[in-house]
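File shown: final_25.txt. Contents: compact mmCIF, C-alpha atoms.
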# COMPACT_ATOMS: atom_id res chain seq x y z
CA MET A 102 129.64 108.64 133.19
CA LYS A 103 132.87 110.61 132.93
CA PRO A 104 132.89 113.81 130.87
CA ARG A 105 134.83 113.99 127.60
CA MET A 106 137.38 116.71 127.03
CA ARG A 107 137.88 118.68 123.84
CA ALA A 108 141.12 117.94 121.97
CA GLU A 109 142.28 121.53 122.44
CA ASP A 110 141.97 121.10 126.23
CA TRP A 111 143.78 117.76 126.45
CA TYR A 112 147.37 118.92 126.95
CA SER A 113 148.97 121.23 129.49
CA VAL A 114 152.23 123.01 128.60
CA ARG A 115 154.57 124.79 131.00
CA ARG A 116 157.96 126.35 130.31
CA LEU A 117 160.68 125.53 132.84
CA ASP A 118 164.29 126.65 133.26
CA ASP A 119 167.12 125.45 130.98
CA ASP A 120 164.96 125.68 127.79
CA VAL A 121 162.95 122.68 128.98
CA THR A 122 159.18 122.56 128.49
CA TYR A 123 156.90 120.24 130.45
CA ILE A 124 153.96 118.77 128.53
CA CYS A 125 151.38 116.51 130.14
CA GLU A 126 147.86 115.09 129.84
CA PRO A 127 146.24 116.46 133.02
CA HIS A 128 143.02 114.47 132.69
CA ILE A 129 144.91 111.19 133.18
CA GLN A 130 145.35 110.33 136.86
CA GLU A 131 148.82 111.18 138.14
CA PHE A 132 150.08 107.63 138.62
CA TYR A 133 149.44 106.84 134.93
CA ARG A 134 150.24 110.29 133.53
CA CYS A 135 153.50 110.37 131.59
CA ASN A 136 155.66 113.48 131.68
CA ILE A 137 156.55 114.60 128.16
CA TRP A 138 159.70 116.72 127.95
CA HIS A 139 160.64 119.13 125.15
CA VAL A 140 164.20 120.47 125.07
CA ARG A 141 165.20 123.36 122.81
CA GLY A 142 168.54 123.06 121.02
CA ARG A 143 170.36 125.27 118.54
CA ASP A 144 170.12 122.92 115.57
CA ARG A 145 167.19 120.73 116.57
CA ASP A 146 164.96 119.90 119.50
CA LEU A 147 164.57 116.83 121.68
CA LEU A 148 161.30 115.23 122.74
CA VAL A 149 161.54 112.72 125.59
CA ASP A 150 158.44 110.45 125.44
CA SER A 151 155.15 111.32 123.78
CA GLY A 152 152.24 110.38 126.06
CA MET A 153 149.32 108.03 125.46
CA GLY A 154 148.53 109.09 121.93
CA VAL A 155 144.81 109.57 122.52
CA VAL A 156 144.99 113.13 121.15
CA SER A 157 147.50 114.29 118.52
CA LEU A 158 150.54 115.93 120.07
CA ARG A 159 151.63 117.48 116.76
CA GLU A 160 148.24 119.03 116.12
CA TRP A 161 147.54 120.44 119.58
CA VAL A 162 151.01 121.31 120.91
CA PRO A 163 152.55 123.50 118.15
CA LEU A 164 155.88 123.65 120.02
CA VAL A 165 156.78 120.14 118.83
CA THR A 166 156.43 121.06 115.14
CA GLU A 167 158.37 124.32 115.05
CA ARG A 168 161.78 122.85 114.30
CA ASP A 169 163.60 119.64 113.41
CA LEU A 170 163.06 117.25 116.31
CA ILE A 171 164.17 113.84 117.52
CA ALA A 172 161.56 111.92 119.53
CA VAL A 173 163.19 109.51 121.96
CA ALA A 174 161.49 106.83 124.04
CA SER A 175 162.72 106.37 127.60
CA HIS A 176 161.04 102.94 127.22
CA THR A 177 158.08 101.48 125.34
CA HIS A 178 155.15 101.31 127.75
CA PHE A 179 151.89 102.70 126.35
CA ASP A 180 151.90 105.93 128.33
CA HIS A 181 155.28 106.97 126.91
CA ILE A 182 155.12 106.20 123.16
CA GLY A 183 151.55 106.89 122.06
CA CYS A 184 152.43 109.77 119.71
CA HIS A 185 155.82 108.54 118.49
CA HIS A 186 154.31 107.60 115.13
CA GLU A 187 153.69 111.32 114.51
CA PHE A 188 157.41 112.10 114.30
CA GLU A 189 159.78 111.41 111.44
CA CYS A 190 162.88 110.88 113.60
CA ARG A 191 162.32 108.29 116.35
CA ALA A 192 164.90 106.77 118.69
CA VAL A 193 164.75 103.94 121.23
CA HIS A 194 167.20 101.61 122.95
CA SER A 195 167.91 98.55 120.82
CA ALA A 196 166.52 96.21 123.51
CA GLU A 197 163.00 97.59 122.94
CA ALA A 198 163.11 98.42 119.24
CA ASP A 199 160.86 95.45 118.49
CA LEU A 200 158.15 96.79 120.80
CA LEU A 201 158.18 100.23 119.19
CA ALA A 202 157.91 98.59 115.77
CA GLU A 203 155.22 96.06 116.72
CA PRO A 204 153.34 97.29 119.78
CA THR A 205 150.50 95.24 121.24
CA ARG A 206 148.18 95.85 124.15
CA ALA A 207 150.12 93.23 126.13
CA ASN A 208 153.72 94.21 125.38
CA THR A 209 153.08 97.94 126.00
CA LEU A 210 151.11 97.22 129.22
CA ALA A 211 147.96 98.81 127.80
CA ASP A 212 146.44 95.53 128.91
CA PRO A 213 145.60 95.54 131.83
CA TYR A 214 146.14 99.23 132.70
CA VAL A 215 144.12 101.13 130.11
CA THR A 216 140.54 101.40 131.33
CA ASP A 217 138.26 104.37 131.86
CA ASP A 218 139.35 104.31 135.51
CA ILE A 219 142.75 105.88 134.76
CA PHE A 220 141.06 109.08 133.49
CA ASP A 221 139.43 111.90 135.43
CA ALA A 222 137.89 112.96 132.13
CA LEU A 223 137.89 110.93 128.92
CA PRO A 224 139.58 111.89 125.64
CA PRO A 225 137.32 113.19 122.87
CA GLU A 226 135.26 110.89 120.65
CA PRO A 227 135.86 108.37 119.21
CA TYR A 228 138.25 107.26 121.99
CA CYS A 229 137.40 103.88 123.54
CA SER A 230 139.53 102.28 126.31
CA LYS A 231 138.81 98.74 125.13
CA CYS A 232 139.87 99.68 121.57
CA TYR A 233 142.97 101.64 122.59
CA ALA A 234 146.23 100.59 120.97
CA VAL A 235 149.62 102.18 120.39
CA LYS A 236 150.42 102.70 116.71
CA ARG A 237 153.53 101.27 115.07
CA ALA A 238 156.50 103.65 115.08
CA PRO A 239 159.64 101.79 113.94
CA ALA A 240 162.80 103.48 115.15
CA THR A 241 164.93 105.46 112.73
CA ARG A 242 167.81 105.38 115.23
CA LEU A 243 168.76 102.70 117.74
CA LEU A 244 170.40 103.91 120.93
CA GLU A 245 173.00 102.22 123.09
CA ASP A 246 174.60 103.10 126.39
CA GLY A 247 177.05 105.98 125.96
CA ASP A 248 175.57 107.31 122.72
CA MET A 249 175.18 111.07 122.44
CA ILE A 250 172.13 113.00 121.26
CA ASP A 251 173.52 116.20 119.79
CA LEU A 252 171.24 119.24 119.51
CA GLY A 253 174.06 121.51 118.26
CA ASP A 254 174.71 123.47 121.44
CA ARG A 255 173.55 120.73 123.83
CA ARG A 256 174.59 117.10 124.17
CA PHE A 257 172.73 114.41 126.08
CA GLU A 258 174.38 111.12 126.99
CA VAL A 259 172.28 107.98 126.79
CA ILE A 260 172.43 106.08 130.09
CA HIS A 261 171.07 102.53 129.78
CA THR A 262 168.98 101.89 132.91
CA PRO A 263 167.40 98.43 132.65
CA GLY A 264 165.24 97.21 135.52
CA HIS A 265 161.81 98.73 135.02
CA SER A 266 162.09 97.45 131.46
CA PRO A 267 165.00 96.00 129.41
CA GLY A 268 165.57 99.04 127.20
CA GLY A 269 164.99 101.77 129.75
CA ILE A 270 167.22 104.78 129.17
CA ALA A 271 167.92 108.09 130.88
CA PHE A 272 169.36 111.20 129.23
CA TYR A 273 172.09 113.17 131.00
CA GLU A 274 173.41 116.59 130.07
CA LYS A 275 176.75 116.90 131.85
CA ALA A 276 177.10 120.64 131.22
CA THR A 277 173.88 121.49 133.08
CA GLU A 278 173.66 118.36 135.30
CA ILE A 279 170.11 117.70 134.07
CA LEU A 280 168.81 114.14 134.02
CA PHE A 281 165.71 112.90 132.23
CA SER A 282 165.29 109.65 134.15
CA GLY A 283 162.30 107.92 132.55
CA ASP A 284 160.65 105.35 134.81
CA ILE A 285 163.72 103.93 136.53
CA LEU A 286 163.42 106.78 139.07
CA TYR A 287 160.83 109.41 139.86
CA ASP A 288 159.43 110.90 143.07
CA GLY A 289 156.57 108.44 143.52
CA PRO A 290 155.89 104.69 143.81
CA LEU A 291 158.25 102.88 141.45
CA ILE A 292 157.08 99.95 139.32
CA GLU A 293 159.45 97.00 139.63
CA ASP A 294 157.19 94.09 138.67
CA THR A 295 156.15 94.43 135.02
CA TYR A 296 156.39 91.33 132.83
CA HIS A 297 159.89 92.33 131.69
CA SER A 298 161.22 94.01 134.85
CA ASN A 299 164.43 92.63 136.35
CA ALA A 300 165.38 93.10 140.01
CA VAL A 301 169.11 92.54 139.50
CA ASP A 302 169.23 95.05 136.65
CA TYR A 303 167.20 97.55 138.68
CA LEU A 304 169.70 97.41 141.52
CA ALA A 305 172.66 97.90 139.17
CA SER A 306 170.95 100.83 137.43
CA MET A 307 170.23 102.59 140.72
CA GLU A 308 173.82 102.14 141.89
CA ARG A 309 175.05 103.57 138.60
CA LEU A 310 172.71 106.57 138.75
CA LEU A 311 174.04 107.42 142.20
CA SER A 312 177.47 108.06 140.63
CA LEU A 313 176.15 110.86 138.39
CA LYS A 314 176.45 114.49 139.46
CA VAL A 315 172.84 115.69 139.09
CA ARG A 316 171.32 119.11 139.75
CA VAL A 317 167.73 118.55 138.61
CA VAL A 318 165.75 115.48 137.60
CA HIS A 319 162.83 115.36 135.18
CA GLY A 320 161.28 111.91 135.63
CA GLY A 321 158.76 109.88 133.68
CA HIS A 322 156.02 110.62 136.21
CA PHE A 323 155.31 113.01 139.10
CA PRO A 324 157.00 116.40 139.68
CA SER A 325 160.63 117.21 138.94
CA PHE A 326 163.05 117.32 141.87
CA SER A 327 166.50 118.43 143.01
CA GLY A 328 169.80 116.62 142.98
CA GLU A 329 169.63 116.36 146.75
CA ARG A 330 166.23 114.66 146.55
CA TYR A 331 167.64 112.44 143.79
CA ARG A 332 170.39 111.17 146.06
CA ASP A 333 167.96 110.70 148.96
CA LEU A 334 165.54 108.69 146.82
CA ILE A 335 168.24 106.38 145.47
CA THR A 336 170.01 105.82 148.79
CA GLY A 337 166.67 105.19 150.51
CA TRP A 338 165.69 102.68 147.84
CA LEU A 339 169.07 100.92 148.01
CA ASP A 340 168.97 100.79 151.81
CA ALA A 341 165.51 99.21 151.72
CA LYS A 342 166.70 96.58 149.25
CA ARG A 343 169.74 95.70 151.35
CA LYS A 344 167.58 95.20 154.43
CA THR A 345 165.35 92.70 152.61
CA HIS A 346 168.24 90.65 151.21
This entry written out as structure tokens:
Amino acid sequence: MKPRMRAEDWYSVRRLDDDVTYICEPHIQEFYRCNIWHVRGRDRDLLVDSGMGVVSLREWVPLVTERDLIAVASHTHFDHIGCHHEFECRAVHSAEADLLAEPTRANTLADPYVTDDIFDALPPEPYCSKCYAVKRAPATRLLEDGDMIDLGDRRFEVIHTPGHSPGGIAFYEKATEILFSGDILYDGPLIEDTYHSNAVDYLASMERLLSLKVRVVHGGHFPSFSGERYRDLITGWLDAKRKTH
């Protein structure tokens, strides 16, 4: 029987450079553990993804309630949108707006992935893996490729990156060369075979990402990495695909 954690011990928070804060749920195994990113702006803050939603982010991570904030979804799988319903301003790419508004265990991939096996320690009572479901969080803003998210002194461009899922998006700050890449690219085993993945789109998204000038990448899973590692990961992935086709 796995132990249960207290709500106050569920999240880990670490301040990084560039006014970026890393938030995660350390008791979820790394492969399933979503990286939650908080970016401080002059006029408002940005939250990229919101975790599984098994413990309230607003209640236990005060950082996300201090100022006006826009919560964006890099895509709508369960591990990335679980706490979106807690925020007043919610944004998602138009291709996945229906999933954010009407999530099910199937369309968010909670079924088959959410079982007790993905945890090293379980969330507090009354959490139940078989009962787990993402709550509805209809978008207040629909995003498209090329849109800008303006924080006052910082501007992030929306880069549509379909492939892992139809409405996958990355967020690129040209001034600092920071990329929040979601699940299209991170430094770990990529998932290319979900029910709505598309191999042709994935290839096009990777080729497009290679054209960006990137200094640091904060992905949807696993540790952040350098621009050099970013280029190595993409070129290695593209080379492997070309050899198999």
Need to verify the contact set: Arg107 in chain A, 9 Å, all atoms listed in the file, exclusion of same-chain residues closer than 4 positions in sequence. Can you return it as a CSV table (one decimal) with C-alpha atoms, in the frame of the given file?
chain,number,residue,atom,x,y,z
A,111,TRP,CA,143.8,117.8,126.4
A,224,PRO,CA,139.6,111.9,125.6
A,225,PRO,CA,137.3,113.2,122.9
A,226,GLU,CA,135.3,110.9,120.6
Inset, instruction - Quick one: everything within 8 Å of range 182-194 of chain A, counting all atoms listed in the file, minus sequence neighbours fewer than 3 positions away in the same chain. Send it as a count of residues only. - result: 37
Legend entry - Pick from A:Met249, A:Ala108, A:Ala211, A:Ala300, whichever lies nearest to Val156 in chain A using only C-alpha atoms: A:Ala108
Provide an axis-aligned box for all listed atoms of range 105-119 of chain A, padding each side by 3 Å; report its centre and its edge lengths in Å to one decimal, as JSON.
{"center_x": 151.0, "center_y": 120.3, "center_z": 127.6, "size_x": 38.3, "size_y": 18.7, "size_z": 17.3}
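Closest approach to Trp138 in chain A among A:Thr336, A:Thr122, A:Thr295, A:Ser230: A:Thr122, based on all atoms listed in the file.
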Inset, instruction - Rounded to one decimal place, report the CA of Leu147 in chain A-CA of Ala305 in chain A distance in Å. - result: 27.0 Å
Inset, instruction - Write out as a list in words which residues come within 12 Å of Asp340 in chain A when counting only C-alpha atoms, dropping same-chain ones fewer than 5 positions away. - result: Leu304, Met307, Glu308, Arg332, Asp333, Leu334, Ile335, Thr345 and His346 of chain A
Selected residues written out, C-alpha atoms, as a compact mmCIF listing (two decimals), keeping the file's coordinate frame:
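Okay, this is what ended up in selection_27.txt:
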# COMPACT_ATOMS: atom_id res chain seq x y z
CA LEU A 304 169.70 97.41 141.52
CA MET A 307 170.23 102.59 140.72
CA GLU A 308 173.82 102.14 141.89
CA ARG A 332 170.39 111.17 146.06
CA ASP A 333 167.96 110.70 148.96
CA LEU A 334 165.54 108.69 146.82
CA ILE A 335 168.24 106.38 145.47
CA THR A 345 165.35 92.70 152.61
CA HIS A 346 168.24 90.65 151.21
Legend entry - Selected residue of minimal separation from Arg143 in chain A among A:Asp217, A:Asp180, A:Asp284, A:Asp251, counting all atoms listed in the file: A:Asp251
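Atom to atom, CA of Glu278 in chain A and CA of Asp254 in chain A stand 14.8 Å apart.
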Legend entry - Residues near His297 in chain A, cut-off 8 Å, all atoms listed in the file, skip fewer than 3 positions along chain, as a ChimeraX atom specification: /A:265-267,294
Legend entry - Computed interatomic separation between CA of Asp146 in chain A and CA of Thr205 in chain A (Å): 28.6 Å
Inset, instruction - Point out the residue among A:Ile279, A:Tyr273, A:Ser195, A:Glu167 with the least atom-to-atom distance to Asp120 in chain A, counting all atoms listed in the file. - result: A:Ile279
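Proximity ranking of A:Ala207, A:Asp212, A:Asn299, A:Ala222 relative to Asp110 in chain A places A:Ala222 first, based on all atoms listed in the file.
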Report as a PDB file with C-alpha atoms, keeping the file's coordinate frame all protein, DNA and RNA residues lying within 6 Å of Ile129 in chain A, evaluated on only C-alpha atoms, omitting residues in the same chain fewer than 2 positions from it.
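Once written, result10.pdb looks like this:
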ATOM      1  CA  GLU A 126     147.860 115.090 129.840  1.00  0.00           C
ATOM      2  CA  PRO A 127     146.240 116.460 133.020  1.00  0.00           C
ATOM      3  CA  ARG A 134     150.240 110.290 133.530  1.00  0.00           C
ATOM      4  CA  ILE A 219     142.750 105.880 134.760  1.00  0.00           C
ATOM      5  CA  PHE A 220     141.060 109.080 133.490  1.00  0.00           C
ATOM      6  CA  ASP A 221     139.430 111.900 135.430  1.00  0.00           C
TER       7      ASP A 221
END
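Ranking A:Arg309, A:Arg255, A:Lys275, A:Arg105 by their shortest atom-to-atom distance to His128 in chain A, with all atoms listed in the file included, puts A:Arg105 first.
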Will you model N, CA and C atoms for range 152-163 of chain A and pass it back as a PDB file, in the frame of the given file?
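Wrote it out as out-v1.pdb, contents follow:
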ATOM      1  N   GLY A 152     153.579 110.528 125.493  1.00  0.00           N
ATOM      2  CA  GLY A 152     152.240 110.380 126.060  1.00  0.00           C
ATOM      3  C   GLY A 152     151.467 109.198 125.496  1.00  0.00           C
ATOM      4  N   MET A 153     150.175 109.179 125.800  1.00  0.00           N
ATOM      5  CA  MET A 153     149.320 108.030 125.460  1.00  0.00           C
ATOM      6  C   MET A 153     148.924 107.957 123.999  1.00  0.00           C
ATOM      7  N   GLY A 154     148.916 109.100 123.335  1.00  0.00           N
ATOM      8  CA  GLY A 154     148.530 109.090 121.930  1.00  0.00           C
ATOM      9  C   GLY A 154     147.047 109.140 121.682  1.00  0.00           C
ATOM     10  N   VAL A 155     146.264 109.522 122.696  1.00  0.00           N
ATOM     11  CA  VAL A 155     144.810 109.570 122.520  1.00  0.00           C
ATOM     12  C   VAL A 155     144.348 110.862 121.858  1.00  0.00           C
ATOM     13  N   VAL A 156     145.217 111.868 121.860  1.00  0.00           N
ATOM     14  CA  VAL A 156     144.990 113.130 121.150  1.00  0.00           C
ATOM     15  C   VAL A 156     146.319 113.499 120.493  1.00  0.00           C
ATOM     16  N   SER A 157     146.279 113.991 119.269  1.00  0.00           N
ATOM     17  CA  SER A 157     147.500 114.290 118.520  1.00  0.00           C
ATOM     18  C   SER A 157     148.350 115.345 119.222  1.00  0.00           C
ATOM     19  N   LEU A 158     149.599 114.984 119.478  1.00  0.00           N
ATOM     20  CA  LEU A 158     150.540 115.930 120.070  1.00  0.00           C
ATOM     21  C   LEU A 158     150.958 116.984 119.039  1.00  0.00           C
ATOM     22  N   ARG A 159     151.198 116.551 117.817  1.00  0.00           N
ATOM     23  CA  ARG A 159     151.630 117.480 116.760  1.00  0.00           C
ATOM     24  C   ARG A 159     150.558 118.530 116.456  1.00  0.00           C
ATOM     25  N   GLU A 160     149.322 118.107 116.492  1.00  0.00           N
ATOM     26  CA  GLU A 160     148.240 119.030 116.120  1.00  0.00           C
ATOM     27  C   GLU A 160     147.940 120.037 117.220  1.00  0.00           C
ATOM     28  N   TRP A 161     148.026 119.601 118.486  1.00  0.00           N
ATOM     29  CA  TRP A 161     147.540 120.440 119.580  1.00  0.00           C
ATOM     30  C   TRP A 161     148.625 121.038 120.458  1.00  0.00           C
ATOM     31  N   VAL A 162     149.886 120.667 120.213  1.00  0.00           N
ATOM     32  CA  VAL A 162     151.010 121.310 120.910  1.00  0.00           C
ATOM     33  C   VAL A 162     151.981 121.801 119.826  1.00  0.00           C
ATOM     34  N   PRO A 163     151.763 123.001 119.292  1.00  0.00           N
ATOM     35  CA  PRO A 163     152.550 123.500 118.150  1.00  0.00           C
ATOM     36  C   PRO A 163     154.059 123.512 118.406  1.00  0.00           C
TER      37      PRO A 163
END
